[in-house]
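This report refers to the structure that appears directly beneath it.
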Amino acid sequence: MTTENEDNMDKTTTKPSSLSDVAAAKQKKAPGGQSLGVGLEARGVHAWFSGKHVLDGISLDFWSGTVTALIGPSGCGKSTFIRTLNRMHEFIPGAQMAGEVLLDGKDIYESGTDVTKIRLKVGMVFQKPNPFPSMTIAENVLSGLKLAELKVADKDALLEDCLERAGLWSEVKDRLNAHGGSLSGGQQQRLCIARSLAVKPQVLLMDEPCSALDPGSTLKIEETISHLSSSMTIIIVTHNMQQAARVSDYTAFFLSDGGPGSMIEVGPTSEIFSRPRDTRTENYVTGRFG
Amino acid sequence: MSTVIASPKPGKPWLATPKQRLLGVGVYLAAALVSFTLVAVSPLKGKLAYFVVFFFASLVIDFALSYVQRGIASAKDAVARGLVSVGMTLAVLPIFSILFEVVKRGYKGLSFGLFTHDMSLTSVNDPLGNGGLIHAITGTIIMVLMALIVAMPIGILTAVYLTEIRGKFAVPIKFLVQAMSGVPSIVAGLFILSAYVYPITGSLSGFAGSLALMILMIPTIARTSEEVLLLIPNDLREAGVALGGTQWRTVALVVVPAAKSGLVTALILGIARVAGETAPLVLLTGGGEKVNPNPFSGPMGSLPLYIWKCFGQGTEQSIARAWSGILVLLVIVLALFTMARFLSERKVAK
């Protein structure tokens, strides 16, 4: 545990020490001293759609066991950026990219990389809840195992564990064989989170997970995020600045001035919201535009 | 004032009041009156004239009434509604008249014996009670099932190629599939005749017939399945892939199961498409009068062929047999369509 922390520190010596302290404090909170794995690093990531440059050289480190929020107005490339982090970007016809994304220090775009393994390690929760309609709640949670052909000794324990961590267990434990579509929108989204957890990802990407939900469900999902953050790296795209302030340790502000989106500023969330260095960030977080 | 407010009664205040309904009936009565007088005083003659005059009169009266009551927009709405109802009637009329005619002429020949006997010992002038069409029913079932067993995987895999893989050849293949669904069935029959029967077996058989049916079935299944798979939201594919599934696992475990009821509908539509095909079977099956369970040797009967033959024989009894054959075939096809409809509706309900 300690060595791993130090590894992390070594890798990020360029960071201001205050950031390291926060991350270290965060990691010490990890229950049971379990290994948190190494973080995810984006190095000069560019993205294009059918020749249109939409993302301009994003370099950003994501620390193990932290929550990073990506904020910014619509169309500034936040979603595109997180989709490059688990190679979902290439799923869109006409998509191109440049740059490196290092997971455990290895570029996930290196040729010969098994893309399915990358997506196992870097899970994703989408904007719209999308449980598989042909499957029951239990089957939905365990669907990743089937899709990735993984074997698990105790499926029931995993099922309960995932639903528990997603904050859904108490609500669905009596109807695990009901269809996923019978749940409410907020429950469906937590089901999707549980589904992502079942394959034990190191990193969880969340693309505006609460944008389709009511405040109650949003609160539940935020609780879920803060539970999860002790054991994995979470990157969340949000349009809701209060949400970013509530759940995240770090915040990155993205902006597009009509051209490709770029990252204006990144820092500990409290600093971004109280003393942003860039006036554009200040304008955005204070609600003066966007 | 402390009057007790009566608890509200559930109602539908947006429905037409009795007076409005009476006015509606009045429009039709007036239109009927106009049509009778016009046909009586003008040179217009015949049943059709009544209908045409009635139709135009009711449109005009409805238009005028709506205009007076609610203005021009509402009047246009009334005319559009009238035109739509007429279109619907014109589309439905032939269907019902066919059904009516078939039932009227076919019910006489219906008997239990129809489903237990074949025609091997029955001649054209025997009374209707003799013989049956069990050989035709079994033949149709065997040939359609054999065609289905091959056409189902090919059709669905084609649809998967077009919607999931979307390879380089997707556009030309889509075009080909569409063109193939317009191939006249006699062409399919001739193709099998020249490509399979003459060069390979040299004899007619049920299998040759089912090959032709297969050719006709594949494009129907492929096109319907494609439509169904296109309806599956892309979110599900992304979710499957994001969970570490390969494309094949995602298609097999997520996309196809989500489209299951629609795919069943596609299969049933494919069956219904070929169940009544006659031309290729005339060319290829030999059309025996006995039950022949072996599709690979010997002539095999089928319902459409039975109907075609009975009409050709021309006696009173055989024509009655043909009509009852049509009735049985129609019931089978109708049952399949109802099933398809039921299955696809259940999907929507979910």
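Chain identifiers are assigned as A, B, and so on, following the order in which chains appear in the structure tokens; residues are numbered from 1 within each chain, and ligands are numbered from 1 in order of appearance.
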
Residue list for chain A near chain B as a count of residues only, 9 Å, only C-alpha atoms: 36

Residues within 6 Å of stretch 28-35 of chain B, only C-alpha atoms, excluding chain neighbours under 6 positions, as number ranges by chain: B: 50, 53-54, 57-58

Got time to write the residues from that selection, C-alpha atoms, as a PDB file, in the first residue's frame?
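The result, stored in selection22.pdb:
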```pdb
ATOM      1  CA  TYR B  50     -74.972   6.163 -54.956  1.00  0.00           C
ATOM      2  CA  VAL B  53     -72.557  10.981 -54.764  1.00  0.00           C
ATOM      3  CA  PHE B  54     -73.021  10.115 -51.099  1.00  0.00           C
ATOM      4  CA  ALA B  57     -72.306  15.156 -50.660  1.00  0.00           C
ATOM      5  CA  SER B  58     -71.262  14.205 -47.136  1.00  0.00           C
TER       6      SER B  58
END
```

Which residue of A:Gly186, A:Phe62, A:Phe254, A:Ala166 approaches A:Phe81 most closely, using only C-alpha atoms: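 Ranked by minimum distance to A:Phe81, first place goes to A:Phe254.
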
Neighbour list for A:Val54 as a PDB file with N, CA and C atoms, in the first residue's frame, cut-off 10 Å, only C-alpha atoms, skip fewer than 5 positions in-chain:
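Below is the file that was written, out_3.pdb:
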```pdb
ATOM      1  N   HIS A  46      -5.914  14.753 -28.458  1.00  0.00           N
ATOM      2  CA  HIS A  46      -6.705  15.499 -29.441  1.00  0.00           C
ATOM      3  C   HIS A  46      -7.797  14.572 -29.967  1.00  0.00           C
ATOM      4  N   ALA A  47      -8.899  15.151 -30.415  1.00  0.00           N
ATOM      5  CA  ALA A  47      -9.932  14.319 -31.039  1.00  0.00           C
ATOM      6  C   ALA A  47     -10.568  15.062 -32.198  1.00  0.00           C
ATOM      7  N   TRP A  48     -10.955  14.284 -33.190  1.00  0.00           N
ATOM      8  CA  TRP A  48     -11.644  14.844 -34.361  1.00  0.00           C
ATOM      9  C   TRP A  48     -12.886  14.021 -34.660  1.00  0.00           C
ATOM     10  N   PHE A  49     -13.906  14.654 -35.185  1.00  0.00           N
ATOM     11  CA  PHE A  49     -15.039  13.936 -35.771  1.00  0.00           C
ATOM     12  C   PHE A  49     -15.122  14.317 -37.233  1.00  0.00           C
ATOM     13  N   GLY A  75     -20.739  21.135 -25.570  1.00  0.00           N
ATOM     14  CA  GLY A  75     -19.983  21.200 -26.811  1.00  0.00           C
ATOM     15  C   GLY A  75     -18.530  21.559 -26.619  1.00  0.00           C
ATOM     16  N   CYS A  76     -18.025  21.488 -25.368  1.00  0.00           N
ATOM     17  CA  CYS A  76     -16.625  21.842 -25.167  1.00  0.00           C
ATOM     18  C   CYS A  76     -15.739  20.608 -25.141  1.00  0.00           C
ATOM     19  N   GLY A  77     -16.315  19.443 -25.397  1.00  0.00           N
ATOM     20  CA  GLY A  77     -15.490  18.248 -25.565  1.00  0.00           C
ATOM     21  C   GLY A  77     -15.316  17.391 -24.323  1.00  0.00           C
ATOM     22  N   LYS A  78     -16.062  17.666 -23.251  1.00  0.00           N
ATOM     23  CA  LYS A  78     -15.901  16.858 -22.034  1.00  0.00           C
ATOM     24  C   LYS A  78     -16.226  15.384 -22.288  1.00  0.00           C
ATOM     25  N   THR A  80     -16.493  13.819 -25.154  1.00  0.00           N
ATOM     26  CA  THR A  80     -15.547  13.253 -26.112  1.00  0.00           C
ATOM     27  C   THR A  80     -14.271  12.849 -25.400  1.00  0.00           C
ATOM     28  N   PHE A  81     -13.827  13.733 -24.501  1.00  0.00           N
ATOM     29  CA  PHE A  81     -12.588  13.447 -23.786  1.00  0.00           C
ATOM     30  C   PHE A  81     -12.706  12.161 -22.965  1.00  0.00           C
ATOM     31  N   MET A  97      -8.262  10.380 -33.347  1.00  0.00           N
ATOM     32  CA  MET A  97      -7.660  10.976 -32.153  1.00  0.00           C
ATOM     33  C   MET A  97      -6.149  10.982 -32.278  1.00  0.00           C
ATOM     34  N   SER A 256     -14.680  25.752 -25.061  1.00  0.00           N
ATOM     35  CA  SER A 256     -14.423  25.855 -26.489  1.00  0.00           C
ATOM     36  C   SER A 256     -14.803  27.260 -26.918  1.00  0.00           C
ATOM     37  N   GLY A 258     -15.425  28.181 -29.860  1.00  0.00           N
ATOM     38  CA  GLY A 258     -15.897  27.999 -31.232  1.00  0.00           C
ATOM     39  C   GLY A 258     -15.039  26.993 -31.965  1.00  0.00           C
ATOM     40  N   GLY A 259     -13.776  26.892 -31.584  1.00  0.00           N
ATOM     41  CA  GLY A 259     -12.878  25.902 -32.173  1.00  0.00           C
ATOM     42  C   GLY A 259     -12.885  24.651 -31.318  1.00  0.00           C
ATOM     43  N   PRO A 260     -11.785  23.908 -31.332  1.00  0.00           N
ATOM     44  CA  PRO A 260     -11.721  22.703 -30.502  1.00  0.00           C
ATOM     45  C   PRO A 260     -11.749  23.040 -29.019  1.00  0.00           C
ATOM     46  N   GLY A 261     -12.323  22.169 -28.226  1.00  0.00           N
ATOM     47  CA  GLY A 261     -12.390  22.392 -26.788  1.00  0.00           C
ATOM     48  C   GLY A 261     -11.022  22.188 -26.160  1.00  0.00           C
ATOM     49  N   SER A 262     -10.726  23.001 -25.149  1.00  0.00           N
ATOM     50  CA  SER A 262      -9.460  22.786 -24.458  1.00  0.00           C
ATOM     51  C   SER A 262      -9.691  22.920 -22.966  1.00  0.00           C
TER      52      SER A 262
END
```

Nearby residues (only C-alpha atoms) at most 9 Å from B:Ala340, same-chain spacing under 2 positions excluded, as a list in words: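 Answer for this query is Ser261, Gly262, Val264, Thr265, Ala266, Leu267, Ile268, Leu269, Ala335, Leu336, Phe337, Thr338, Phe342, Leu343, Ser344 and Glu345 of chain B.
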
Would you export the selected residues with C-alpha atoms as a tab-separated table (two decimals), in the first residue's frame, please?
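Result file is out39.tsv:
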```tsv
chain	number	residue	atom	x	y	z
B	261	SER	CA	-39.87	-10.54	-30.45
B	262	GLY	CA	-39.29	-8.42	-33.55
B	264	VAL	CA	-39.84	-13.70	-34.40
B	265	THR	CA	-42.20	-11.41	-36.27
B	266	ALA	CA	-39.72	-11.30	-39.15
B	267	LEU	CA	-39.68	-15.09	-39.31
B	268	ILE	CA	-43.45	-15.30	-39.31
B	269	LEU	CA	-43.71	-12.71	-42.05
B	335	ALA	CA	-53.19	-17.25	-38.03
B	336	LEU	CA	-49.52	-16.58	-38.72
B	337	PHE	CA	-50.09	-12.87	-39.28
B	338	THR	CA	-52.16	-12.60	-36.13
B	342	PHE	CA	-49.52	-10.22	-31.29
B	343	LEU	CA	-45.81	-10.76	-30.73
B	344	SER	CA	-44.80	-7.35	-32.04
B	345	GLU	CA	-47.49	-5.61	-30.00
```

Shell around A:Phe273 at 10 Å using only C-alpha atoms, local window under 4 positions removed, as a PyMOL selection string: chain A and resi 241-242+244-245+251+267-269+281-282+284-286

Requested write-out: N, CA and C atoms of the selected residues, as an mmCIF file, in the first residue's frame:
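Now in part09.cif:
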```cif
data_model
loop_
_atom_site.group_PDB
_atom_site.id
_atom_site.type_symbol
_atom_site.label_atom_id
_atom_site.label_comp_id
_atom_site.auth_asym_id
_atom_site.auth_seq_id
_atom_site.Cartn_x
_atom_site.Cartn_y
_atom_site.Cartn_z
ATOM 1 N N MET A 241 -22.891 22.433 -11.403
ATOM 2 C CA MET A 241 -21.681 22.841 -10.682
ATOM 3 C C MET A 241 -21.746 22.529 -9.198
ATOM 4 N N GLN A 242 -22.974 22.570 -8.641
ATOM 5 C CA GLN A 242 -23.101 22.167 -7.233
ATOM 6 C C GLN A 242 -22.680 20.712 -7.081
ATOM 7 N N ALA A 244 -20.558 19.044 -8.964
ATOM 8 C CA ALA A 244 -19.104 18.972 -9.041
ATOM 9 C C ALA A 244 -18.501 19.349 -7.689
ATOM 10 N N ALA A 245 -19.032 20.422 -7.094
ATOM 11 C CA ALA A 245 -18.503 20.883 -5.808
ATOM 12 C C ALA A 245 -18.736 19.845 -4.714
ATOM 13 N N THR A 251 -11.332 19.389 -9.985
ATOM 14 C CA THR A 251 -12.231 19.830 -11.036
ATOM 15 C C THR A 251 -11.406 20.367 -12.192
ATOM 16 N N GLY A 267 -7.648 21.860 -10.896
ATOM 17 C CA GLY A 267 -7.111 22.014 -9.552
ATOM 18 C C GLY A 267 -8.038 21.366 -8.565
ATOM 19 N N PRO A 268 -7.665 21.437 -7.278
ATOM 20 C CA PRO A 268 -8.571 20.917 -6.255
ATOM 21 C C PRO A 268 -9.903 21.661 -6.360
ATOM 22 N N THR A 269 -10.974 20.924 -6.180
ATOM 23 C CA THR A 269 -12.294 21.488 -6.405
ATOM 24 C C THR A 269 -12.535 22.767 -5.602
ATOM 25 N N THR A 281 -12.814 30.731 -16.026
ATOM 26 C CA THR A 281 -13.308 29.756 -15.061
ATOM 27 C C THR A 281 -14.199 30.445 -14.036
ATOM 28 N N GLU A 282 -13.717 31.589 -13.582
ATOM 29 C CA GLU A 282 -14.473 32.317 -12.570
ATOM 30 C C GLU A 282 -15.858 32.686 -13.093
ATOM 31 N N TYR A 284 -17.509 31.206 -15.351
ATOM 32 C CA TYR A 284 -18.356 30.027 -15.518
ATOM 33 C C TYR A 284 -18.898 29.537 -14.183
ATOM 34 N N VAL A 285 -17.995 29.393 -13.203
ATOM 35 C CA VAL A 285 -18.456 28.800 -11.938
ATOM 36 C C VAL A 285 -19.350 29.766 -11.159
ATOM 37 N N THR A 286 -19.241 31.036 -11.442
ATOM 38 C CA THR A 286 -20.141 31.960 -10.766
ATOM 39 C C THR A 286 -21.435 32.161 -11.541
#
```

Which of A:Ala198, A:Val45, A:Leu213, A:Leu205 sits closest to A:Lys151 [using only C-alpha atoms]: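 Result for the nearest residue to A:Lys151: A:Ala198.
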
Between atom CA of B:Cys310 and atom CA of B:Leu190, distance in Å (one decimal):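 According to the coordinates, atom CA of B:Cys310 and atom CA of B:Leu190 are separated by 23.1 Å.
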